[in-house]
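See below for the structure under consideration.
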Amino acid sequence: MEGDQEQDWIRAAVKGDLQAYGQLVHLHQDMVFSLSLTLLKDRQDAEDLSQDVLVKAYRMLPQFKGLAPFKGWLYRITYHEGLNRLKKIRRQRSTLDLNDQVGNAHTETTGALDELEAADKRKMIRQALDHLAPEDQVLVQAYYFEEMSIREICGISGLSESNIKIKLYRSRKVLHEVLQKAWVDEQAR
Amino acid sequence: MSKPDNSFSGGPVDHEEKTLRDFFRAAGHEPAPADLSARVLARIKTEEKSSLAPVRPLIPRTGWAAIGVLVLASIVYAVSYPSDGDGTRLHEWWGQFHVPTIQINIPDLISVFQFVPGSLALLFPIILLQLYFIKNFYEGRYSR
(Lines give C-alpha, C1' and ligand atoms only; values in the text may rest on other atoms or scores of the structure.)
Protein backbone atom coordinates (compact mmCIF):
# COMPACT_ATOMS: atom_id res chain seq x y z
CA MET A 1 0.00 0.00 0.00
CA GLU A 2 2.79 2.33 1.04
CA GLY A 3 4.71 1.27 -2.08
CA ASP A 4 1.74 2.13 -4.28
CA GLN A 5 1.52 5.53 -2.66
CA GLU A 6 5.22 6.03 -3.27
CA GLN A 7 4.83 5.06 -6.94
CA ASP A 8 2.03 7.62 -7.27
CA TRP A 9 4.24 10.31 -5.77
CA ILE A 10 7.10 9.36 -8.12
CA ARG A 11 4.83 9.52 -11.19
CA ALA A 12 3.45 12.89 -10.09
CA ALA A 13 6.92 14.25 -9.29
CA VAL A 14 8.21 13.26 -12.73
CA LYS A 15 5.42 15.40 -14.18
CA GLY A 16 6.63 18.32 -12.08
CA ASP A 17 4.40 18.01 -9.02
CA LEU A 18 6.62 19.49 -6.31
CA GLN A 19 4.17 18.66 -3.56
CA ALA A 20 4.46 14.98 -4.44
CA TYR A 21 8.23 15.23 -4.47
CA GLY A 22 8.01 16.89 -1.07
CA GLN A 23 6.28 13.75 0.22
CA LEU A 24 9.08 11.59 -1.18
CA VAL A 25 11.69 13.84 0.42
CA HIS A 26 9.87 13.69 3.74
CA LEU A 27 9.79 9.90 3.53
CA HIS A 28 13.49 9.42 2.79
CA GLN A 29 15.26 12.50 4.14
CA ASP A 30 16.35 10.79 7.38
CA MET A 31 17.97 7.98 5.42
CA VAL A 32 19.79 10.43 3.14
CA PHE A 33 20.88 12.58 6.06
CA SER A 34 22.03 9.59 8.14
CA LEU A 35 24.17 8.26 5.33
CA SER A 36 25.56 11.74 4.62
CA LEU A 37 26.48 12.14 8.28
CA THR A 38 28.05 8.69 8.42
CA LEU A 39 30.29 9.60 5.53
CA LEU A 40 31.12 13.23 6.22
CA LYS A 41 30.99 13.35 10.06
CA ASP A 42 30.06 17.00 10.03
CA ARG A 43 26.48 18.10 10.48
CA GLN A 44 26.70 21.13 8.19
CA ASP A 45 28.46 19.18 5.45
CA ALA A 46 25.85 16.43 5.79
CA GLU A 47 23.02 18.96 5.46
CA ASP A 48 24.60 20.43 2.34
CA LEU A 49 25.13 17.00 0.83
CA SER A 50 21.58 15.88 1.64
CA GLN A 51 20.20 19.00 0.00
CA ASP A 52 22.35 18.51 -3.11
CA VAL A 53 21.42 14.83 -3.35
CA LEU A 54 17.69 15.48 -3.04
CA VAL A 55 17.81 18.24 -5.65
CA LYS A 56 19.86 16.03 -7.98
CA ALA A 57 17.45 13.14 -7.45
CA TYR A 58 14.58 15.38 -8.56
CA ARG A 59 16.46 16.26 -11.76
CA MET A 60 17.27 12.57 -12.39
CA LEU A 61 13.79 11.31 -11.52
CA PRO A 62 12.75 10.81 -15.19
CA GLN A 63 15.66 8.34 -15.45
CA PHE A 64 14.32 6.24 -12.58
CA LYS A 65 12.98 3.09 -14.22
CA GLY A 66 11.29 1.64 -11.16
CA LEU A 67 13.06 -1.72 -11.57
CA ALA A 68 14.58 -1.41 -8.10
CA PRO A 69 13.04 0.25 -5.02
CA PHE A 70 13.18 4.05 -4.98
CA LYS A 71 14.92 3.92 -1.61
CA GLY A 72 17.81 1.93 -3.10
CA TRP A 73 18.05 4.29 -6.07
CA LEU A 74 18.24 7.29 -3.74
CA TYR A 75 20.73 5.48 -1.54
CA ARG A 76 22.96 4.87 -4.56
CA ILE A 77 22.94 8.57 -5.48
CA THR A 78 23.75 9.53 -1.89
CA TYR A 79 26.49 6.89 -1.71
CA HIS A 80 28.30 8.06 -4.84
CA GLU A 81 27.80 11.76 -4.19
CA GLY A 82 28.91 11.24 -0.60
CA LEU A 83 32.11 9.45 -1.55
CA ASN A 84 32.92 12.14 -4.11
CA ARG A 85 32.29 14.86 -1.53
CA LEU A 86 34.41 13.01 1.03
CA LYS A 87 37.33 12.85 -1.40
CA LYS A 88 36.93 16.55 -2.12
CA ILE A 89 36.83 17.43 1.58
CA ARG A 90 39.86 15.24 2.28
CA ARG A 91 41.78 16.99 -0.45
CA GLN A 92 40.82 20.39 0.98
CA ARG A 93 41.50 19.51 4.59
CA SER A 94 44.19 16.90 4.23
CA THR A 95 45.50 17.49 7.74
CA LEU A 96 42.16 17.56 9.52
CA ASP A 97 41.51 14.72 11.91
CA LEU A 98 37.92 13.81 11.19
CA ASN A 99 37.75 11.71 14.35
CA ASP A 100 37.86 14.84 16.49
CA GLN A 101 34.45 15.80 15.23
CA VAL A 102 32.74 12.62 16.33
CA GLY A 103 30.76 12.85 19.50
CA ASN A 104 30.02 16.55 19.58
CA ALA A 105 27.91 16.69 16.45
CA HIS A 106 25.48 13.87 16.91
CA THR A 107 23.79 14.38 20.26
CA GLU A 108 20.74 16.22 19.11
CA THR A 109 17.87 15.34 21.38
CA THR A 110 14.31 16.43 21.30
CA GLY A 111 13.66 16.10 24.99
CA ALA A 112 11.76 12.84 24.92
CA LEU A 113 13.45 10.05 26.87
CA ASP A 114 13.13 7.57 24.03
CA GLU A 115 14.78 9.94 21.66
CA LEU A 116 17.55 10.55 24.20
CA GLU A 117 18.21 6.81 24.43
CA ALA A 118 18.09 6.45 20.67
CA ALA A 119 20.47 9.38 20.32
CA ASP A 120 22.89 7.71 22.75
CA LYS A 121 22.73 4.53 20.70
CA ARG A 122 23.29 6.48 17.52
CA LYS A 123 26.30 8.10 19.10
CA MET A 124 27.69 4.70 20.07
CA ILE A 125 27.07 3.41 16.57
CA ARG A 126 28.77 6.38 14.95
CA GLN A 127 31.78 5.97 17.19
CA ALA A 128 31.89 2.27 16.38
CA LEU A 129 31.49 2.92 12.65
CA ASP A 130 34.52 5.18 12.78
CA HIS A 131 36.63 2.07 13.22
CA LEU A 132 35.68 1.06 9.67
CA ALA A 133 36.68 2.45 6.27
CA PRO A 134 34.09 4.88 4.79
CA GLU A 135 33.09 2.38 2.09
CA ASP A 136 32.53 -0.33 4.73
CA GLN A 137 30.52 2.10 6.88
CA VAL A 138 28.16 2.60 3.98
CA LEU A 139 27.78 -1.15 3.49
CA VAL A 140 27.01 -1.65 7.18
CA GLN A 141 24.53 1.20 7.12
CA ALA A 142 22.78 -0.23 4.07
CA TYR A 143 22.65 -3.73 5.52
CA TYR A 144 21.75 -3.05 9.15
CA PHE A 145 20.07 0.36 9.08
CA GLU A 146 18.24 0.17 5.77
CA GLU A 147 17.91 -3.61 5.93
CA MET A 148 18.77 -3.95 2.26
CA SER A 149 19.57 -7.33 0.74
CA ILE A 150 23.11 -8.23 -0.34
CA ARG A 151 21.89 -8.10 -3.96
CA GLU A 152 20.56 -4.58 -3.52
CA ILE A 153 23.87 -3.50 -1.99
CA CYS A 154 25.65 -5.04 -5.00
CA GLY A 155 23.64 -2.75 -7.26
CA ILE A 156 24.53 0.28 -5.20
CA SER A 157 28.21 -0.29 -4.56
CA GLY A 158 29.19 -2.21 -7.68
CA LEU A 159 30.94 -4.84 -5.51
CA SER A 160 30.42 -8.58 -5.89
CA GLU A 161 28.19 -10.52 -3.49
CA SER A 162 31.09 -12.46 -2.00
CA ASN A 163 33.10 -9.29 -1.52
CA ILE A 164 30.20 -7.66 0.30
CA LYS A 165 29.70 -10.72 2.50
CA ILE A 166 33.37 -10.73 3.48
CA LYS A 167 33.34 -6.99 4.20
CA LEU A 168 30.17 -7.30 6.26
CA TYR A 169 31.59 -10.24 8.18
CA ARG A 170 34.75 -8.32 9.08
CA SER A 171 32.80 -5.16 9.87
CA ARG A 172 30.42 -7.11 12.09
CA LYS A 173 33.34 -8.49 14.10
CA VAL A 174 34.81 -5.01 14.58
CA LEU A 175 31.47 -3.40 15.45
CA HIS A 176 30.55 -6.13 17.86
CA GLU A 177 33.85 -5.80 19.68
CA VAL A 178 33.75 -1.99 19.81
CA LEU A 179 30.11 -1.81 20.88
CA GLN A 180 30.66 -4.44 23.54
CA LYS A 181 33.57 -2.42 24.96
CA ALA A 182 31.53 0.79 24.78
CA TRP A 183 28.70 -0.90 26.62
CA VAL A 184 31.04 -2.16 29.39
CA ASP A 185 32.55 1.35 29.73
CA GLU A 186 29.06 2.84 29.94
CA GLN A 187 28.16 0.43 32.74
CA ALA A 188 31.38 1.23 34.63
CA ARG A 189 30.47 4.93 34.84
CA MET B 1 21.44 5.72 29.63
CA SER B 2 19.15 2.71 29.71
CA LYS B 3 20.41 -0.76 28.92
CA PRO B 4 20.27 -1.65 25.22
CA ASP B 5 17.81 -4.30 24.19
CA ASN B 6 20.65 -6.71 23.53
CA SER B 7 24.02 -7.24 25.17
CA PHE B 8 27.23 -7.60 23.24
CA SER B 9 28.44 -10.71 24.94
CA GLY B 10 29.70 -12.46 21.83
CA GLY B 11 28.44 -15.74 20.52
CA PRO B 12 27.65 -17.32 17.20
CA VAL B 13 27.57 -15.27 14.03
CA ASP B 14 23.77 -15.36 13.87
CA HIS B 15 23.57 -13.95 17.35
CA GLU B 16 26.02 -11.15 16.48
CA GLU B 17 24.02 -10.44 13.36
CA LYS B 18 20.76 -10.23 15.25
CA THR B 19 22.27 -8.17 18.04
CA LEU B 20 23.67 -5.62 15.65
CA ARG B 21 20.52 -5.46 13.58
CA ASP B 22 18.36 -4.92 16.66
CA PHE B 23 20.73 -2.31 18.01
CA PHE B 24 20.75 -0.38 14.72
CA ARG B 25 16.97 -0.67 14.52
CA ALA B 26 16.58 0.69 18.05
CA ALA B 27 18.94 3.57 17.33
CA GLY B 28 17.03 4.59 14.22
CA HIS B 29 18.06 7.17 11.66
CA GLU B 30 19.73 10.40 12.54
CA PRO B 31 16.81 12.83 12.15
CA ALA B 32 17.26 15.25 9.27
CA PRO B 33 16.83 18.98 10.01
CA ALA B 34 13.14 19.85 10.19
CA ASP B 35 13.38 22.37 7.36
CA LEU B 36 15.39 20.17 4.96
CA SER B 37 12.47 19.29 2.68
CA ALA B 38 11.36 22.94 2.58
CA ARG B 39 14.89 24.01 1.63
CA VAL B 40 15.10 21.34 -1.09
CA LEU B 41 11.78 22.36 -2.62
CA ALA B 42 12.67 26.07 -2.46
CA ARG B 43 15.96 25.37 -4.26
CA ILE B 44 14.24 23.32 -6.96
CA LYS B 45 11.74 26.15 -7.51
CA THR B 46 14.51 28.75 -7.77
CA GLU B 47 16.54 26.63 -10.19
CA GLU B 48 13.47 25.93 -12.33
CA LYS B 49 12.70 29.63 -12.61
CA SER B 50 16.23 30.49 -13.70
CA SER B 51 16.36 27.63 -16.20
CA LEU B 52 13.03 28.66 -17.73
CA ALA B 53 14.14 32.27 -18.36
CA PRO B 54 14.45 32.88 -22.10
CA VAL B 55 17.99 33.45 -23.32
CA ARG B 56 18.47 35.55 -26.44
CA PRO B 57 21.25 34.10 -28.57
CA LEU B 58 24.14 36.29 -29.63
CA ILE B 59 23.40 35.61 -33.30
CA PRO B 60 19.72 34.86 -33.98
CA ARG B 61 18.56 32.05 -36.25
CA THR B 62 17.82 34.41 -39.12
CA GLY B 63 21.36 35.76 -38.78
CA TRP B 64 22.84 32.27 -39.12
CA ALA B 65 20.53 31.62 -42.10
CA ALA B 66 21.74 34.80 -43.80
CA ILE B 67 25.37 33.90 -43.15
CA GLY B 68 24.73 30.45 -44.58
CA VAL B 69 23.14 31.85 -47.75
CA LEU B 70 26.03 34.30 -48.25
CA VAL B 71 28.64 31.58 -47.80
CA LEU B 72 26.77 29.29 -50.19
CA ALA B 73 26.42 32.07 -52.77
CA SER B 74 30.15 32.86 -52.55
CA ILE B 75 31.02 29.21 -53.10
CA VAL B 76 28.67 28.94 -56.08
CA TYR B 77 30.10 32.14 -57.58
CA ALA B 78 33.68 30.99 -57.13
CA VAL B 79 33.08 27.47 -58.43
CA SER B 80 31.11 28.61 -61.46
CA TYR B 81 33.87 30.97 -62.70
CA PRO B 82 35.33 29.41 -65.85
CA SER B 83 39.04 28.86 -66.16
CA ASP B 84 39.29 30.70 -69.52
CA GLY B 85 38.31 33.95 -67.79
CA ASP B 86 35.42 34.78 -70.17
CA GLY B 87 32.79 34.57 -67.47
CA THR B 88 29.33 33.08 -67.38
CA ARG B 89 25.91 34.72 -67.31
CA LEU B 90 26.18 34.91 -63.57
CA HIS B 91 29.43 36.83 -63.82
CA GLU B 92 28.09 39.06 -66.59
CA TRP B 93 25.07 39.81 -64.47
CA TRP B 94 27.26 40.58 -61.45
CA GLY B 95 29.57 42.68 -63.60
CA GLN B 96 26.84 45.23 -64.38
CA PHE B 97 26.88 46.34 -60.74
CA HIS B 98 29.49 48.91 -59.88
CA VAL B 99 30.73 47.86 -56.50
CA PRO B 100 32.86 50.57 -54.95
CA THR B 101 36.39 49.45 -54.35
CA ILE B 102 38.98 50.78 -52.00
CA GLN B 103 42.45 51.31 -53.32
CA ILE B 104 45.15 50.74 -50.77
CA ASN B 105 48.70 51.42 -51.76
CA ILE B 106 51.03 49.31 -49.76
CA PRO B 107 54.64 50.31 -50.17
CA ASP B 108 56.72 47.63 -51.82
CA LEU B 109 59.24 47.48 -49.07
CA ILE B 110 56.90 47.02 -46.14
CA SER B 111 58.61 44.84 -43.58
CA VAL B 112 57.22 42.18 -41.25
CA PHE B 113 58.08 44.44 -38.33
CA GLN B 114 55.77 47.09 -39.72
CA PHE B 115 53.08 44.68 -40.88
CA VAL B 116 52.50 42.85 -37.57
CA PRO B 117 51.99 45.91 -35.33
CA GLY B 118 49.95 47.53 -38.06
CA SER B 119 47.65 44.50 -38.29
CA LEU B 120 47.30 44.36 -34.53
CA ALA B 121 46.38 48.04 -34.44
CA LEU B 122 43.63 47.33 -36.95
CA LEU B 123 42.42 44.18 -35.22
CA PHE B 124 42.47 45.58 -31.67
CA PRO B 125 39.29 47.71 -31.97
CA ILE B 126 37.49 44.73 -33.55
CA ILE B 127 38.54 42.44 -30.67
CA LEU B 128 37.40 45.07 -28.15
CA LEU B 129 34.03 45.30 -29.88
CA GLN B 130 33.65 41.51 -29.79
CA LEU B 131 34.53 41.39 -26.11
CA TYR B 132 31.91 44.05 -25.43
CA PHE B 133 29.23 41.98 -27.21
CA ILE B 134 30.25 38.74 -25.46
CA LYS B 135 30.25 40.46 -22.04
CA ASN B 136 26.79 41.91 -22.64
CA PHE B 137 25.52 38.54 -23.80
CA TYR B 138 26.66 36.66 -20.69
CA GLU B 139 25.60 39.40 -18.27
CA GLY B 140 22.15 39.37 -19.81
CA ARG B 141 22.02 35.60 -19.65
CA TYR B 142 22.76 35.25 -15.95
CA SER B 143 20.92 38.29 -14.66
CA ARG B 144 17.57 36.82 -15.67
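Letters A, B, ... go to the chains of the C-alpha coordinates in the order shown; residues in each chain start at 1; ligands are counted from 1 in the same order.
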inquiry  = List the spatial neighbours of Ser171 in chain A as JSON, numbers by chain - criterion: any atom at most 12 Å away, only C-alpha atoms, same-chain residues fewer than 2 positions off excluded.
reply    = {"A": [128, 129, 130, 131, 132, 133, 134, 135, 136, 137, 138, 139, 140, 141, 143, 144, 164, 165, 166, 167, 168, 169, 173, 174, 175, 176, 177, 178, 179], "B": [16, 17, 20]}
query = Which neighbours of Ala27 in chain B fall inside 9 Å, counting only C-alpha atoms, when residues of the same chain fewer than 6 positions from it are skipped, and could you give them as a list of chain:residue names?
reply = A:Glu115, A:Glu117, A:Ala118, A:Ala119, A:Asp120, A:Lys121, A:Arg122, A:Lys123, A:Ile125, A:Phe145
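Proximity of A:Leu54, A:Leu27, A:Leu74, A:Leu49 to chain B, computed with only C-alpha atoms, is greatest for A:Leu54.
You can rank B:Asp35, B:Glu30, B:Glu92, B:Glu48 by their closest distance to chain A using only C-alpha atoms, and at the top of that list sits B:Glu30.
Distances from A:His28, A:Lys41, A:Gly22, A:Ile156 to Tyr79 in chain A were compared using only C-alpha atoms, and the smallest one belongs to A:Ile156.
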query = Can you list, as a PyMOL selection string, every protein, DNA or RNA residue that comes within 8 Å of Ile10 in chain A when you count only C-alpha atoms, leaving out same-chain residues fewer than 3 positions away?
reply = chain A and resi 6-7+13-14+20-21+24+61
request  = For chain A, work out the contacting residues on chain B at 6 Å, counting only C-alpha atoms, and write them as a VMD selection string.
outcome  = chain B and resid 8 21 24 27 29 to 32 37 40
query = Just how far from CA of Phe133 in chain B is CA of Val116 in chain B, in Å to one decimal?
reply = 25.5 Å
